[in-house]
Each structure stands twice: as structure tokens, then as C-alpha cells.
Amino acid sequence: MKFNLKKQYELCWDYLKECKIQIYSIIGIFVLFALIGFFVPASAEITEQIMSFIQELIAQTEGMSQAELVGFIFFNNLQSSFIGFLFGFALGIFPVIAAVANGYLLGFVGAIAVEADGFLTLFRLLPHGIFELPAIFISLGMGMKFGSFVFQKNKSKSFRDFFWNGLRVFLYVVVPLLIIAGIIEGSLIFLSG
């Protein structure tokens, strides 16, 4: 059987439509916790943990070339997205936790950025997420869908279908989005540094 790229993308689109409730749910959870992170002041312990995490990330990337930064961001996002999809098999719990944590972190960082440089700084952050966030939402939504195999009549068939369809979307949709995101983010960070 001959490989047909157009057919692969048609199958991807069909599966994305099948996952739309889960993807929208992940977006809703993410946005809710981003708003909480932005508007609700964090406790001293949470602030300390997040700031420590951010400082560790900065130290890790310090002195990297533009290509190294692009690679670092791409592989970090690739790993997070794939784990979000794959670990969804356990009732879709992990993708929800990932959406909560990432949403809260984005809101928290956004609040700090606004406090330091004003509200317009949020627009400077926009290019950083324009390709990355859809990739993350798709991965986590597919992870939620994957976890729903236990509620299907034919569990083993659903498990296989959700896994292979999710893997196809991951390779043909998520990975290209993450490559573009890595190039944009790595370049912006390098040029602003």
C-alpha cells in the first residue's frame, strides 16, 4: 500500500474532530487556571517554588546559542506534549493536571510581567505561545480522549484506535507546530537576551 500524505492529514483532521470536546475542555481548564494564576495572589511557598523553577530554567539555558535554544525549547515541549498524550490512558487524569499546572504557571508569570513592565508586555508574550499552546492543547485533549477507552464497549479496540490515531496526529500536526514554536521562541529569547 502506497503512503499518501493527504490521506494521513485527512485522518488527522477526522480524529481532531472526534477529540474536539476533550480539546475544548483542556482549553477551558487551562484558561480558568491562567486567570486564577493571574488574579489570585499566590502563597509565599508557591511563589518561592515557581520562582525557583524559573531561575533553574534560566540557568539551564544561559549561554546557549540560538540553535541550542531552539533545540532545547523544541525537545522540552515535545517531551511535555507526548507525556501529556501518552499518560492520558489513565482515565485522562494526567492531561487535566498538566492543563491546571501550565495554566496557573502562565497566569502567575503573566501577572509578574504586567507588574514589572505594564499590561502591554502580555502582547510581547503572545508570539511565544501562538504555535506552542495549540500543540499542547491538542496533545492534552487527545490524552483525555485516550483515557476514555475504559468507558467504551470494546475497550481493547478503543485503546488501540485512540493510541494510533493520537500518535498520527502527534507526528503530523503536533510535531510541526512544536518545530515552528521552537524556532520562534528560541529566536525571540536569543535576540532579546
# chains A, B, ... in the order shown; residues from 1 in each chain; ligands from 1
call {"tool": "residues_around", "arguments": {"residues": "Leu126 (chain A)", "least_positions_apart": "5", "cutoff": "12 Å", "atoms": "only C-alpha atoms", "output": "ChimeraX atom specification"}}
result
/A:106,110,120-121,131-133,181,184-185,188
call {"tool": "residues_around", "arguments": {"residues": "Cys19 (chain A)", "least_positions_apart": "3", "cutoff": "7 Å", "atoms": "only C-alpha atoms", "output": "list in words"}}
result
Tyr15, Leu16, Gln22, Ile23, Gly141, Met142 and Lys145 of chain A
call {"tool": "atom_distance", "arguments": {"atom1": "CA of Leu105 (chain A)", "atom2": "CA of Gly92 (chain A)"}}
result
20.6 Å
call {"tool": "residues_around", "arguments": {"residues": "Ile46 (chain A)", "least_positions_apart": "5", "cutoff": "12 Å", "atoms": "only C-alpha atoms", "output": "list in words"}}
result
Gly37, Val40, Pro41, Met51, Ser52, Phe53, Ala101, Tyr104, Leu105 and Phe108 of chain A
call {"tool": "residues_around", "arguments": {"residues": "Leu178 (chain A)", "least_positions_apart": "3", "cutoff": "10 Å", "atoms": "only C-alpha atoms", "output": "ChimeraX atom specification"}}
result
/A:73-78,81,131-136,173-175,181-184
call {"tool": "atom_distance", "arguments": {"atom1": "CA of Leu171 (chain A)", "atom2": "CA of Phe3 (chain A)"}}
result
14.7 Å
call {"tool": "atom_distance", "arguments": {"atom1": "CA of Leu35 (chain A)", "atom2": "CA of Gly88 (chain A)"}}
result
24.3 Å
call {"tool": "closest_residue", "arguments": {"among": "A:Ile189, A:Ile26, A:Met64, A:Val114", "to": "Gly143 (chain A)", "atoms": "only C-alpha atoms"}}
result
A:Ile26
call {"tool": "residues_around", "arguments": {"residues": "Tyr172 (chain A)", "least_positions_apart": "2", "cutoff": "10 Å", "atoms": "only C-alpha atoms", "output": "ChimeraX atom specification"}}
result
/A:5,8-9,12,167-170,174-177
call {"tool": "residues_around", "arguments": {"residues": "Glu62 (chain A)", "least_positions_apart": "5", "cutoff": "10 Å", "atoms": "only C-alpha atoms", "output": "ChimeraX atom specification"}}
result
/A:56-57,69,190,193
call {"tool": "write_last_selection", "arguments": {"atoms": "C-alpha atoms", "output": "mmCIF file, in the first residue's frame"}}
result
data_model
loop_
_atom_site.group_PDB
_atom_site.id
_atom_site.type_symbol
_atom_site.label_atom_id
_atom_site.label_comp_id
_atom_site.auth_asym_id
_atom_site.auth_seq_id
_atom_site.Cartn_x
_atom_site.Cartn_y
_atom_site.Cartn_z
ATOM 1 C CA GLU A 56 16.607 26.942 37.287
ATOM 2 C CA LEU A 57 15.280 27.152 33.716
ATOM 3 C CA LEU A 69 17.841 27.390 22.492
ATOM 4 C CA PHE A 190 18.099 34.734 21.871
ATOM 5 C CA GLY A 193 18.942 38.335 25.559
#
call {"tool": "closest_residue", "arguments": {"among": "A:Ile93, A:Phe123, A:Asn102, A:Glu10", "to": "Phe30 (chain A)", "atoms": "only C-alpha atoms"}}
result
A:Asn102
